[in-house]
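Peer 1: Just so it is clear, I am handing over structure22.csv, which has CSV, C-alpha atoms.
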```csv
chain,number,residue,atom,x,y,z
Y,1,MET,CA,0.0,0.0,0.0
Y,2,LYS,CA,1.4,3.3,-1.0
Y,3,GLY,CA,1.7,6.0,1.6
Y,4,GLY,CA,-1.3,8.3,1.7
Y,5,ASP,CA,-3.6,5.8,-0.1
Y,6,SER,CA,-7.1,5.9,1.4
Y,7,LYS,CA,-9.4,2.9,1.8
Y,8,GLU,CA,-11.5,4.3,-1.1
Y,9,ASP,CA,-8.4,4.5,-3.4
Y,10,MET,CA,-7.6,0.9,-2.7
Y,11,GLU,CA,-11.1,-0.3,-3.3
Y,12,GLU,CA,-11.3,1.6,-6.6
Y,13,ARG,CA,-8.1,-0.1,-7.9
Y,14,GLN,CA,-8.9,-3.6,-6.6
Y,15,GLN,CA,-10.7,-5.7,-9.2
Y,16,VAL,CA,-13.1,-8.5,-8.2
Y,17,MET,CA,-15.0,-11.1,-10.2
Y,18,SER,CA,-18.2,-13.0,-9.5
Y,19,GLU,CA,-18.1,-16.8,-9.7
Y,20,VAL,CA,-21.1,-16.5,-12.0
Y,21,HIS,CA,-18.8,-15.0,-14.7
Y,22,LEU,CA,-16.3,-17.9,-14.7
Y,23,GLY,CA,-17.7,-19.1,-18.1
Y,24,CYS,CA,-17.3,-15.8,-19.8
Y,25,PRO,CA,-14.6,-15.3,-22.4
Y,26,PRO,CA,-11.3,-14.6,-20.7
Y,27,GLY,CA,-9.5,-11.3,-21.2
Y,28,VAL,CA,-12.7,-9.3,-22.0
Y,29,SER,CA,-13.0,-5.9,-20.5
Y,30,GLY,CA,-16.0,-3.6,-20.4
Y,31,PRO,CA,-19.6,-4.6,-20.9
Y,32,HIS,CA,-20.4,-8.2,-21.9
Y,33,ILE,CA,-23.9,-9.7,-22.6
Y,34,SER,CA,-24.7,-13.1,-21.1
Y,35,ARG,CA,-27.9,-15.0,-21.6
Y,36,PHE,CA,-29.6,-16.6,-18.6
Y,37,THR,CA,-32.1,-19.4,-19.2
Y,38,ILE,CA,-35.3,-19.2,-17.1
Y,39,SER,CA,-36.9,-22.6,-17.0
Y,40,LEU,CA,-40.2,-23.7,-15.6
Y,41,LEU,CA,-40.4,-27.1,-14.0
Y,42,SER,CA,-43.0,-29.5,-15.4
Y,43,GLU,CA,-44.9,-29.7,-12.1
Y,44,VAL,CA,-45.1,-25.8,-11.8
Y,45,GLU,CA,-47.7,-24.0,-13.9
Y,46,SER,CA,-48.0,-20.3,-14.6
Y,47,SER,CA,-49.9,-18.6,-17.4
Y,48,ARG,CA,-48.0,-15.5,-16.5
Y,49,PHE,CA,-45.0,-16.4,-18.8
Y,50,ASN,CA,-46.8,-18.6,-21.4
Y,51,GLU,CA,-46.1,-16.3,-24.3
Y,52,LEU,CA,-42.4,-16.2,-23.5
Y,53,PHE,CA,-41.7,-19.9,-23.3
Y,54,LYS,CA,-39.9,-21.7,-26.1
Y,55,ASP,CA,-39.0,-25.4,-26.3
Y,56,GLU,CA,-35.9,-26.3,-24.4
Y,57,GLN,CA,-33.7,-26.9,-27.4
Y,58,SER,CA,-34.3,-23.4,-28.9
Y,59,CYS,CA,-33.3,-21.9,-25.5
Y,60,MET,CA,-30.2,-24.0,-25.3
Y,61,GLU,CA,-29.0,-23.1,-28.8
Y,62,GLN,CA,-28.6,-19.5,-27.5
Y,63,ASP,CA,-26.6,-20.6,-24.5
Y,64,ILE,CA,-22.9,-19.9,-25.4
Y,65,SER,CA,-20.1,-20.2,-22.9
Y,66,PHE,CA,-16.3,-20.5,-22.9
Y,67,ASP,CA,-13.8,-22.4,-20.8
Y,68,GLU,CA,-10.8,-20.8,-19.1
Y,69,ASP,CA,-8.8,-21.3,-22.3
Y,70,GLY,CA,-11.4,-19.4,-24.4
Y,71,ASP,CA,-12.7,-22.6,-26.1
Y,72,LEU,CA,-16.4,-22.9,-26.8
Y,73,VAL,CA,-18.3,-25.1,-24.3
Y,74,LEU,CA,-21.3,-26.9,-25.9
Y,75,PRO,CA,-24.5,-26.9,-23.8
Y,76,ARG,CA,-25.5,-30.1,-22.2
Y,77,ARG,CA,-29.1,-31.4,-22.3
Y,78,ARG,CA,-30.9,-31.2,-19.0
Y,79,GLN,CA,-32.5,-34.4,-17.7
Y,80,PHE,CA,-36.0,-32.9,-17.5
Y,81,SER,CA,-38.1,-31.3,-20.2
Y,82,ARG,CA,-38.8,-27.7,-19.3
Y,83,ARG,CA,-40.3,-24.7,-21.0
Y,84,CYS,CA,-37.9,-21.8,-21.0
Y,85,PHE,CA,-37.1,-18.3,-22.1
Y,86,THR,CA,-33.9,-16.3,-22.0
Y,87,MET,CA,-32.9,-13.0,-20.3
Y,88,LYS,CA,-30.1,-10.9,-21.8
Y,89,ILE,CA,-28.0,-9.3,-19.1
Y,90,GLN,CA,-25.3,-6.7,-19.9
Y,91,HIS,CA,-22.6,-6.8,-17.2
Y,92,ASN,CA,-18.9,-6.4,-16.6
Y,93,ILE,CA,-16.8,-9.5,-16.0
Y,94,THR,CA,-14.7,-7.8,-13.4
Y,95,SER,CA,-15.2,-4.5,-11.5
Y,96,SER,CA,-13.8,-2.4,-8.7
Y,97,ILE,CA,-15.5,-2.9,-5.3
Y,98,PRO,CA,-17.5,0.4,-5.6
Y,99,ASN,CA,-18.9,-0.8,-8.9
Y,100,VAL,CA,-19.8,-4.5,-8.0
Y,101,GLY,CA,-23.3,-3.6,-9.2
Y,102,LEU,CA,-22.0,-4.0,-12.7
Y,103,GLN,CA,-21.7,-7.7,-12.2
Y,104,VAL,CA,-24.2,-10.6,-11.7
Y,105,TRP,CA,-23.8,-12.2,-8.3
Y,106,LYS,CA,-25.0,-15.6,-7.0
Y,107,ALA,CA,-27.3,-14.1,-4.4
Y,108,GLU,CA,-29.1,-12.1,-7.1
Y,109,LEU,CA,-29.9,-15.3,-9.0
Y,110,VAL,CA,-31.2,-17.0,-5.8
Y,111,LEU,CA,-33.4,-14.0,-5.1
Y,112,SER,CA,-34.6,-14.2,-8.7
Y,113,ASP,CA,-35.5,-17.9,-8.2
Y,114,PHE,CA,-37.4,-17.0,-5.1
Y,115,VAL,CA,-39.4,-14.2,-6.9
Y,116,LEU,CA,-40.1,-16.5,-9.8
Y,117,HIS,CA,-41.3,-19.3,-7.5
Y,118,LYS,CA,-43.7,-16.9,-5.7
Y,119,MET,CA,-45.0,-15.7,-9.0
Y,120,CYS,CA,-45.5,-19.2,-10.3
Y,121,THR,CA,-47.2,-20.6,-7.2
Y,122,SER,CA,-49.2,-17.6,-5.7
Y,123,ILE,CA,-50.7,-14.2,-6.4
Y,124,GLU,CA,-48.8,-12.6,-3.5
Y,125,PHE,CA,-46.8,-10.2,-5.8
Y,126,ASP,CA,-49.7,-9.4,-8.1
Y,127,GLY,CA,-50.4,-5.7,-8.4
Y,128,ILE,CA,-47.8,-4.7,-5.7
Y,129,VAL,CA,-45.4,-1.7,-5.6
Y,130,SER,CA,-41.8,-2.9,-5.1
Y,131,LEU,CA,-38.5,-1.2,-4.4
Y,132,GLU,CA,-35.2,-3.0,-4.8
Y,133,LEU,CA,-32.1,-1.7,-3.0
Y,134,GLY,CA,-28.7,-2.2,-4.7
Y,135,ALA,CA,-30.5,-3.6,-7.8
Y,136,GLY,CA,-27.3,-3.8,-9.8
Y,137,THR,CA,-28.1,-5.4,-13.2
Y,138,GLY,CA,-31.8,-5.3,-12.5
Y,139,LEU,CA,-32.5,-9.0,-13.2
Y,140,THR,CA,-34.8,-9.7,-10.2
Y,141,GLY,CA,-36.9,-6.6,-10.6
Y,142,MET,CA,-37.4,-7.1,-14.3
Y,143,LEU,CA,-38.8,-10.6,-13.6
Y,144,LEU,CA,-41.0,-9.2,-10.9
Y,145,ALA,CA,-42.4,-6.6,-13.4
Y,146,ARG,CA,-44.5,-9.4,-14.9
Y,147,ALA,CA,-46.7,-9.3,-11.9
Y,148,ALA,CA,-46.2,-6.0,-10.1
Y,149,LYS,CA,-47.9,-2.7,-10.6
Y,150,THR,CA,-44.7,-0.6,-10.2
Y,151,VAL,CA,-41.1,-1.6,-9.7
Y,152,PHE,CA,-38.3,0.7,-8.6
Y,153,LEU,CA,-34.8,-0.4,-9.3
Y,154,THR,CA,-32.4,1.6,-7.2
Y,155,ASP,CA,-28.6,1.8,-6.9
Y,156,HIS,CA,-25.9,4.4,-6.6
Y,157,GLY,CA,-23.7,5.7,-9.4
Y,158,ASP,CA,-24.3,6.6,-13.1
Y,159,LYS,CA,-22.4,3.6,-14.4
Y,160,ILE,CA,-24.5,1.1,-12.6
Y,161,LEU,CA,-27.7,2.9,-13.3
Y,162,ASP,CA,-27.0,3.3,-17.0
Y,163,ASN,CA,-26.2,-0.4,-17.2
Y,164,CYS,CA,-29.5,-1.2,-15.4
Y,165,VAL,CA,-31.4,0.9,-17.9
Y,166,LYS,CA,-29.7,-0.9,-20.8
Y,167,ASN,CA,-30.8,-4.2,-19.3
Y,168,VAL,CA,-34.4,-3.1,-19.1
Y,169,GLN,CA,-34.2,-2.1,-22.8
Y,170,LEU,CA,-32.6,-5.4,-23.7
Y,171,ASN,CA,-35.4,-7.3,-22.0
Y,172,SER,CA,-38.4,-5.1,-23.0
Y,173,GLY,CA,-40.3,-8.2,-24.3
Y,174,VAL,CA,-39.9,-10.1,-21.0
Y,175,VAL,CA,-40.6,-7.1,-18.8
Y,176,ASN,CA,-43.9,-6.7,-20.8
Y,177,ARG,CA,-44.5,-3.1,-19.6
Y,178,PRO,CA,-41.2,-1.2,-19.3
Y,179,ASP,CA,-43.1,1.9,-18.4
Y,180,ILE,CA,-43.8,0.5,-14.9
Y,181,VAL,CA,-40.0,0.0,-14.2
Y,182,TYR,CA,-38.2,3.1,-12.8
Y,183,VAL,CA,-34.4,3.1,-12.4
Y,184,ARG,CA,-33.6,5.6,-9.7
Y,185,GLU,CA,-30.6,6.8,-7.7
Y,186,LEU,CA,-30.6,5.9,-4.0
Y,187,ASP,CA,-27.6,6.8,-1.9
Y,188,TRP,CA,-28.1,5.1,1.5
Y,189,ALA,CA,-25.9,7.7,3.2
Y,190,HIS,CA,-28.3,10.5,2.3
Y,191,PRO,CA,-31.6,11.2,4.0
Y,192,TRP,CA,-34.9,9.7,2.9
Y,193,PRO,CA,-36.9,10.9,1.1
Y,194,PRO,CA,-34.4,12.3,-1.4
Y,195,LYS,CA,-34.8,15.9,-2.5
Y,196,VAL,CA,-37.2,16.6,-5.5
Y,197,SER,CA,-36.3,19.2,-8.0
Y,198,LEU,CA,-39.2,21.3,-9.0
Y,199,ASP,CA,-37.4,22.5,-12.1
Y,200,LEU,CA,-38.0,19.8,-14.8
Y,201,ALA,CA,-35.3,21.2,-17.0
Y,202,SER,CA,-32.6,20.8,-14.3
Y,203,GLN,CA,-33.7,17.3,-13.1
Y,204,GLU,CA,-31.0,14.7,-13.3
Y,205,ARG,CA,-31.8,11.5,-15.2
Y,206,PHE,CA,-32.1,9.2,-12.2
Y,207,SER,CA,-33.7,11.7,-9.8
Y,208,TRP,CA,-37.1,11.2,-8.2
Y,209,SER,CA,-40.4,13.0,-8.8
Y,210,SER,CA,-42.8,13.8,-6.0
Y,211,SER,CA,-45.4,11.4,-7.5
Y,212,GLU,CA,-42.8,8.5,-7.5
Y,213,LEU,CA,-42.0,9.2,-3.8
Y,214,GLU,CA,-45.7,9.0,-3.0
Y,215,GLU,CA,-45.8,5.7,-4.9
Y,216,VAL,CA,-42.9,4.3,-2.8
Y,217,GLN,CA,-45.0,5.0,0.3
Y,218,LYS,CA,-47.4,2.4,-1.0
Y,219,ALA,CA,-44.7,-0.2,-1.5
Y,220,SER,CA,-45.3,-3.5,0.3
Y,221,LEU,CA,-42.2,-5.4,-1.0
Y,222,LEU,CA,-38.5,-4.5,-0.7
Y,223,LEU,CA,-35.8,-6.6,-2.3
Y,224,ALA,CA,-32.0,-6.7,-1.9
Y,225,ALA,CA,-29.3,-9.1,-3.0
Y,226,ASP,CA,-25.6,-9.3,-2.2
Y,227,VAL,CA,-25.4,-6.0,-0.3
Y,228,ILE,CA,-23.8,-7.5,2.8
Y,229,TYR,CA,-20.0,-7.4,2.6
Y,230,SER,CA,-18.8,-4.6,4.9
Y,231,ASP,CA,-19.9,-3.3,8.2
Y,232,ASP,CA,-20.1,0.3,7.0
Y,233,LEU,CA,-22.4,-0.7,4.1
Y,234,THR,CA,-24.6,-2.8,6.5
Y,235,ASP,CA,-25.0,0.2,8.8
Y,236,ALA,CA,-26.1,2.4,5.9
Y,237,LEU,CA,-28.4,-0.3,4.6
Y,238,PHE,CA,-30.3,-0.7,7.9
Y,239,GLY,CA,-30.4,3.1,8.3
Y,240,ILE,CA,-32.3,3.5,5.0
Y,241,LEU,CA,-34.4,0.4,5.8
Y,242,GLU,CA,-35.6,1.9,9.0
Y,243,ARG,CA,-36.6,5.1,7.2
Y,244,LEU,CA,-38.3,3.3,4.4
Y,245,MET,CA,-40.1,0.6,6.5
Y,246,SER,CA,-41.3,3.0,9.2
Y,247,GLN,CA,-43.3,5.1,6.7
Y,248,GLY,CA,-46.3,4.3,4.6
Y,249,SER,CA,-47.6,0.8,4.0
Y,250,GLU,CA,-46.3,-2.1,6.0
Y,251,LYS,CA,-43.3,-3.6,4.1
Y,252,VAL,CA,-41.5,-6.8,4.1
Y,253,LEU,CA,-37.9,-7.2,2.8
Y,254,TYR,CA,-36.5,-10.3,1.2
Y,255,LEU,CA,-32.7,-10.2,1.3
Y,256,ALA,CA,-30.3,-12.7,-0.3
Y,257,LEU,CA,-26.6,-12.7,0.7
Y,258,GLU,CA,-23.6,-14.9,0.1
Y,259,LYS,CA,-21.3,-15.5,3.0
Y,260,ARG,CA,-17.7,-14.9,1.8
Y,261,TYR,CA,-15.0,-16.3,4.1
Y,262,ASN,CA,-11.6,-14.6,4.6
Y,263,PHE,CA,-8.9,-14.9,7.2
Y,264,SER,CA,-9.2,-12.1,9.8
Y,265,LEU,CA,-6.2,-10.8,11.6
Y,266,ASP,CA,-8.5,-9.4,14.3
Y,267,ASP,CA,-10.1,-12.7,15.0
Y,268,LEU,CA,-7.2,-14.9,13.9
Y,269,ASP,CA,-9.8,-17.1,12.2
Y,270,VAL,CA,-11.6,-17.5,8.9
Y,271,VAL,CA,-14.8,-15.4,9.1
Y,272,ALA,CA,-17.6,-14.2,6.7
Y,273,ASN,CA,-17.0,-10.5,6.3
Y,274,GLY,CA,-19.9,-8.4,7.5
Y,275,TYR,CA,-22.2,-11.4,8.3
Y,276,SER,CA,-22.0,-11.2,12.2
Y,277,HIS,CA,-22.6,-7.4,12.0
Y,278,PHE,CA,-25.7,-8.1,9.7
Y,279,ARG,CA,-27.0,-10.6,12.2
Y,280,SER,CA,-26.6,-8.0,15.1
Y,281,TYR,CA,-29.4,-6.0,13.5
Y,282,LEU,CA,-31.9,-8.8,13.6
Y,283,ARG,CA,-34.0,-10.6,16.2
Y,284,GLU,CA,-34.9,-14.0,14.8
Y,285,ASP,CA,-38.6,-15.1,14.9
Y,286,GLY,CA,-39.2,-16.8,18.2
Y,287,ASP,CA,-36.4,-15.0,20.1
Y,288,ASP,CA,-37.4,-14.3,23.7
Y,289,ALA,CA,-37.9,-10.6,24.1
Y,290,GLU,CA,-36.8,-10.9,27.7
Y,291,ARG,CA,-33.1,-11.7,26.9
Y,292,GLU,CA,-31.1,-11.9,30.1
Y,293,GLY,CA,-29.4,-8.6,30.9
Y,294,VAL,CA,-31.0,-6.8,27.8
Y,295,GLU,CA,-33.5,-4.0,28.1
Y,296,PRO,CA,-36.5,-4.6,25.8
Y,297,GLY,CA,-36.0,-1.1,24.3
Y,298,SER,CA,-32.5,-1.9,23.2
Y,299,LEU,CA,-33.4,-5.0,21.2
Y,300,PRO,CA,-33.0,-4.8,17.4
Y,301,CYS,CA,-36.1,-3.3,15.7
Y,302,PHE,CA,-35.9,-5.8,12.8
Y,303,THR,CA,-37.1,-9.3,13.0
Y,304,GLY,CA,-35.6,-11.9,10.6
Y,305,ARG,CA,-36.6,-15.3,9.5
Y,306,ARG,CA,-34.2,-17.4,7.4
Y,307,ILE,CA,-35.8,-19.1,4.5
Y,308,ASN,CA,-34.6,-22.6,3.5
Y,309,VAL,CA,-33.1,-22.0,0.0
Y,310,ALA,CA,-33.1,-25.8,-0.6
Y,311,GLU,CA,-36.9,-25.6,-0.8
Y,312,ILE,CA,-36.9,-23.1,-3.7
Y,313,PRO,CA,-36.6,-24.7,-7.1
Y,314,GLN,CA,-33.9,-23.4,-9.4
Y,315,TYR,CA,-35.5,-21.6,-12.3
Y,316,VAL,CA,-32.4,-19.6,-13.4
Y,317,GLY,CA,-29.8,-21.7,-15.2
Y,318,GLU,CA,-26.1,-21.1,-15.6
Y,319,TYR,CA,-25.1,-21.0,-12.0
Y,320,ASP,CA,-24.3,-23.3,-9.0
Y,321,ARG,CA,-25.9,-22.1,-5.8
Y,322,GLY,CA,-23.3,-23.6,-3.5
Y,323,LYS,CA,-23.9,-23.8,0.2
Y,324,ASP,CA,-23.1,-20.2,1.3
Y,325,VAL,CA,-26.1,-18.3,0.0
Y,326,GLU,CA,-28.8,-17.3,2.5
Y,327,LEU,CA,-32.3,-15.8,2.0
Y,328,TRP,CA,-33.9,-13.8,4.8
Y,329,GLN,CA,-37.4,-12.4,5.3
Y,330,ILE,CA,-37.1,-9.2,7.4
Y,331,ARG,CA,-39.8,-7.0,9.0
Y,332,TYR,CA,-39.6,-3.8,10.9
Y,333,ASN,CA,-41.2,-3.9,14.3
Y,334,LYS,CA,-42.7,-0.4,14.2
Y,335,GLY,CA,-44.0,0.6,17.7
Y,336,LYS,CA,-43.7,-2.9,19.0
Y,337,LEU,CA,-40.5,-2.7,21.1
```
Here is the file; what I need is its structure written in the form of structure tokens.
Peer 2:
Amino acid sequence: MKGGDSKEDMEERQQVMSEVHLGCPPGVSGPHISRFTISLLSEVESSRFNELFKDEQSCMEQDISFDEDGDLVLPRRRQFSRRCFTMKIQHNITSSIPNVGLQVWKAELVLSDFVLHKMCTSIEFDGIVSLELGAGTGLTGMLLARAAKTVFLTDHGDKILDNCVKNVQLNSGVVNRPDIVYVRELDWAHPWPPKVSLDLASQERFSWSSSELEEVQKASLLLAADVIYSDDLTDALFGILERLMSQGSEKVLYLALEKRYNFSLDDLDVVANGYSHFRSYLREDGDDAEREGVEPGSLPCFTGRRINVAEIPQYVGEYDRGKDVELWQIRYNKGKL
């Protein structure tokens, strides 16, 4: 580390890569378009996607991947016949830490599986207003737009937001009604609600209108994926969640995360960065409110329930879930502590 280098300078220079991108052509820099196959299991029926489904072979013909030497990998047939369609996602293969939203991460795909399963087995998400925090490439929210009334995809930084807009355009046929999807800037370090410019000529591209902020008040569903990897970010996340969830309609958050293990000099052990700090914000369902030595008013104001990922079918192809992805249902206990 050079003298005078700040933490932000180091993060800007350090390049990271999602495991999801291991099949992408090596040595490619800048935006790359991958195709993700969305398959419906034979035992799950949903008329919501009928006009999108193709036979399995036509979907597989579009699936192109490369091995680490850059050689073409031919797709293998799946064991079960499924109806499927494809999503085109523009993303970077590597990025700096502040721009990880330019990549596709495993937790985003698990969250997409969860949303798809809800949409295929219930009407819970029909006609809702939803807001996704740290939406990144926008995959989950675009799928949800098949059922929702309004979807807000939020993130921070023009590069990530521009890329998200591009993906909405690439998948206009899947989204069905792109006019209900709003890509907006949301900096968790800034107060909520964000300022609204009354001068339309001076409004920035990803700024909010007063009518959009009123619509967010009606939101019943919040989504987030792969936003837990540093304590500072976790603090900012729960700060904005408290402001969002304490206003307007009652809201539930579904948050997917991947536990990434690294050796910690502080702990002299291998730990999952940010995970214990994330858990400190939650009371799990069934926790006794009268914890020994803890005043009731000092308990966390968020209640979390871990969802068994193994019970969610995998609708999105092209990734291996592994064992370190978790999905949480989180509620804000407004006025209950």
Peer 1: Residues of segment 141-255 of chain Y within 7 Å of segment 114-136 of chain Y: nearest atom pair and distance (Å, one decimal) for each, counting all atoms listed in the file, sorted by chain and number, as CSV?
Peer 2:
```
residue,atom,partner,partner_atom,distance
Y:Leu144,CA,Y:Val115,CA,6.6
Y:Ala147,CA,Y:Asp126,CA,4.8
Y:Ala148,CA,Y:Gly127,CA,4.5
Y:Lys149,CA,Y:Gly127,CA,4.5
Y:Thr150,CA,Y:Val129,CA,4.8
Y:Val151,CA,Y:Ser130,CA,4.8
Y:Phe152,CA,Y:Leu131,CA,4.6
Y:Leu153,CA,Y:Glu132,CA,5.2
Y:Thr154,CA,Y:Leu133,CA,5.3
Y:Asp155,CA,Y:Gly134,CA,4.6
Y:Ile160,CA,Y:Gly136,CA,6.3
Y:Cys164,CA,Y:Gly136,CA,6.6
Y:Lys218,CA,Y:Val129,CA,6.5
Y:Ala219,CA,Y:Val129,CA,4.4
Y:Ser220,CA,Y:Val129,CA,6.2
Y:Leu221,CA,Y:Ser130,CA,4.8
Y:Leu222,CA,Y:Leu131,CA,5.0
Y:Leu223,CA,Y:Glu132,CA,4.4
Y:Ala224,CA,Y:Leu133,CA,5.1
Y:Val227,CA,Y:Gly134,CA,6.7
```
Peer 1: Let's have the selection written as a PDB file, keeping the file's coordinate frame, with C-alpha atoms.
Peer 2:
```pdb
ATOM      1  CA  LEU Y 144     -41.000  -9.200 -10.900  1.00  0.00           C
ATOM      2  CA  ALA Y 147     -46.700  -9.300 -11.900  1.00  0.00           C
ATOM      3  CA  ALA Y 148     -46.200  -6.000 -10.100  1.00  0.00           C
ATOM      4  CA  LYS Y 149     -47.900  -2.700 -10.600  1.00  0.00           C
ATOM      5  CA  THR Y 150     -44.700  -0.600 -10.200  1.00  0.00           C
ATOM      6  CA  VAL Y 151     -41.100  -1.600  -9.700  1.00  0.00           C
ATOM      7  CA  PHE Y 152     -38.300   0.700  -8.600  1.00  0.00           C
ATOM      8  CA  LEU Y 153     -34.800  -0.400  -9.300  1.00  0.00           C
ATOM      9  CA  THR Y 154     -32.400   1.600  -7.200  1.00  0.00           C
ATOM     10  CA  ASP Y 155     -28.600   1.800  -6.900  1.00  0.00           C
ATOM     11  CA  ILE Y 160     -24.500   1.100 -12.600  1.00  0.00           C
ATOM     12  CA  CYS Y 164     -29.500  -1.200 -15.400  1.00  0.00           C
ATOM     13  CA  LYS Y 218     -47.400   2.400  -1.000  1.00  0.00           C
ATOM     14  CA  ALA Y 219     -44.700  -0.200  -1.500  1.00  0.00           C
ATOM     15  CA  SER Y 220     -45.300  -3.500   0.300  1.00  0.00           C
ATOM     16  CA  LEU Y 221     -42.200  -5.400  -1.000  1.00  0.00           C
ATOM     17  CA  LEU Y 222     -38.500  -4.500  -0.700  1.00  0.00           C
ATOM     18  CA  LEU Y 223     -35.800  -6.600  -2.300  1.00  0.00           C
ATOM     19  CA  ALA Y 224     -32.000  -6.700  -1.900  1.00  0.00           C
ATOM     20  CA  VAL Y 227     -25.400  -6.000  -0.300  1.00  0.00           C
TER      21      VAL Y 227
END
```
Peer 1: Mind giving me the straight-line distance from atom CA of Glu214 of chain Y to atom CA of Gly141 of chain Y in Å, one decimal?
Peer 2: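 Spanning atom CA of Glu214 of chain Y to atom CA of Gly141 of chain Y is a straight-line distance of 19.5 Å.
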Peer 1: State, in Å with one decimal place, the distance from atom CA of Phe238 of chain Y to atom CA of Ser18 of chain Y.
Peer 2: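 If I compute the distance from atom CA of Phe238 of chain Y to atom CA of Ser18 of chain Y, I get 24.5 Å.
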Peer 1: Hey, can you check how far atom CA of Tyr332 of chain Y sits from atom CA of Cys301 of chain Y?
Peer 2: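 Pair atom CA of Tyr332 of chain Y / atom CA of Cys301 of chain Y returns 6.0 Å.
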Peer 1: Using all atoms listed in the file, which protein or nucleic acid residues come within 10 Å of segment 209-211 of chain Y? Drop anything in the same chain fewer than 4 positions from it, and give the result as a ChimeraX atom specification.
Peer 2: /Y:193-198,200,203,215-216
Peer 1: My list of candidates is Y:Ser47, Y:Ser207, Y:Gln14, Y:Gln217. Which is closest to Thr94 of chain Y when distances are computed with all atoms listed in the file?
Peer 2: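 That would be Y:Gln14, the residue with the smallest distance to Thr94 of chain Y.
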